[in-house]
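Participant: What follows is a single structure, and I will ask about it in a moment.
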Amino acid sequence: MADKVDKKPASLLPVAVEEKKKKAAPFPAVQLASLWALFTAVMFVGSLAFTRALTQFITLPSWLREEAELTVAAAAEERAIRHGVAWSTAAQAAAAALAQLLPERRRGSRRALAHFALAATAATHLMFARVVTLFLVADPGDIFWWTVGTADILILAAGDITCFLALLGRLDQFS
């Protein structure tokens with residue numbers, strides 16, 4: 001009987017397991033880029049619609065907003081750019097929405113759609129920058145286009161560059 005070792009029965013209570021602290025998952029680059037594209041598309045279309053409705057139904061006082069006199073060529077270019085912005089924002093919104101709606105397992109498709117949406121977004125922002133320069137050339141003394149237009153261009157460029165770096169996987173180098 002000495003051969004038998006006194007064994008205790010296994011405890012039925014759960015064993016305390018050392019819990020590992022999980023790191024918070026980084027914000028996915030595809031989601032960041034597609035949300036940026038969707039946000040700017042909605043803002044561009046909304047601002048164009050608001051401006052159109054405001055100038056269509058309400059006559060603004062001259063002290064509030066003076067209209068810049070564009071040349072015939074500059075006015076034609078501005079209309080063409082406005083048309084291009086409408087098509088570009090439609091493409092970027094569609095691609096961004098699809099990138100958001102595709103399941104996670106479709107990583108390649110989501111990433112390709114995010115790249116396309118971001119490229120369309122950058123094209124839209126470049127068209128906006130051209131419109132700002134058209135109005136700055138037409139009326140160099142207009143403080144509105146110097147302040148608001150330039151600030152918008154800088155903010156939009158920073159957002160585009162940030163999203164491109166996130167999609168390329170280079171954003172974590174700066175943190």
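We label chains A, B, ... in the order they appear in the structure tokens, count residues from 1 in each chain, and number ligands from 1 in the order shown.
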Could you list, with a cut-off of 10 Å and counting only C-alpha atoms, the residues of range 64-156 of chain A near range 44-54 of chain A, each shown with its nearest atom pair and the distance in Å rounded to one decimal, rows sorted by chain and ascending number, as CSV?
Facilitator:
```
residue,atom,partner,partner_atom,distance
A:Arg82,CA,A:Leu48,CA,8.8
A:Val85,CA,A:Phe44,CA,8.3
A:Ala86,CA,A:Val45,CA,7.3
A:Thr89,CA,A:Val45,CA,7.4
A:Ala90,CA,A:Val45,CA,9.0
A:Thr124,CA,A:Phe44,CA,8.9
A:His125,CA,A:Phe44,CA,9.5
A:Phe128,CA,A:Phe44,CA,9.4
```
Participant: Which value, in Å to one decimal, gives the distance between CA of Ala37 in chain A and CA of Val148 in chain A?
Facilitator: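 Between these atoms lies a distance of 20.6 Å.
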Participant: For range 133-135 of chain A, list every protein, DNA or RNA residue within 9 Å, evaluated using only C-alpha atoms, and leave out those in the same chain fewer than 2 positions away; present the list as a CSV table (one decimal) with C-alpha atoms, in the first residue's frame.
Facilitator:
```
chain,number,residue,atom,x,y,z
A,68,ALA,CA,-16.2,87.8,-58.7
A,69,GLU,CA,-16.1,88.7,-62.4
A,70,LEU,CA,-14.7,85.7,-64.3
A,74,ALA,CA,-12.6,81.0,-66.7
A,75,ALA,CA,-16.4,80.8,-66.3
A,77,GLU,CA,-13.6,76.2,-67.0
A,78,GLU,CA,-15.4,76.7,-63.7
A,128,PHE,CA,-11.7,72.4,-56.0
A,129,ALA,CA,-8.1,73.8,-55.7
A,130,ARG,CA,-8.3,74.9,-59.3
A,131,VAL,CA,-11.7,76.7,-58.7
A,137,VAL,CA,-7.0,85.3,-60.2
A,138,ALA,CA,-10.4,87.0,-61.0
A,139,ASP,CA,-10.4,89.0,-57.7
A,140,PRO,CA,-7.1,89.0,-55.9
A,142,ASP,CA,-11.2,88.9,-52.1
A,145,TRP,CA,-11.0,83.0,-51.1
A,149,GLY,CA,-10.3,78.6,-49.9
```
Participant: Fewer than 3 positions away in the same chain doesn't count, so skip those; otherwise give me all residues within 12 Å of Leu101 in chain A, counting only C-alpha atoms, as a PyMOL selection string.
Facilitator: chain A and resi 30-31+34-35+94-98+104-107+109-110+113-114
Participant: Keeping C-alpha atoms for every residue in the selection just given, could you write it to a file as a compact mmCIF listing (two decimals), in the first residue's frame?
Facilitator:
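After the write, again.txt holds the following:
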```
# COMPACT_ATOMS: atom_id res chain seq x y z
CA VAL A 30 -9.61 50.86 -45.44
CA GLN A 31 -12.30 52.11 -43.12
CA SER A 34 -13.47 55.09 -47.28
CA LEU A 35 -15.05 57.16 -44.50
CA ALA A 94 -20.07 54.69 -54.64
CA ALA A 95 -16.62 53.16 -54.18
CA ALA A 96 -16.41 54.23 -50.54
CA ALA A 97 -19.86 52.84 -49.76
CA LEU A 98 -19.00 49.52 -51.41
CA GLU A 104 -14.14 41.66 -43.93
CA ARG A 105 -13.07 38.49 -45.72
CA ARG A 106 -12.99 40.39 -49.04
CA ARG A 107 -9.85 42.30 -48.06
CA SER A 109 -11.59 44.05 -53.01
CA ARG A 110 -12.13 46.39 -50.07
CA LEU A 113 -12.16 50.09 -53.67
CA ALA A 114 -10.64 52.23 -50.92
```
Participant: Select, from A:Ala76, A:Leu154, A:Ala99, A:Ile81, the residue with the minimum atom-to-atom distance to Pro28 in chain A, counting only C-alpha atoms.
Facilitator: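 That would be A:Ala99, the residue with the smallest distance to Pro28 in chain A.
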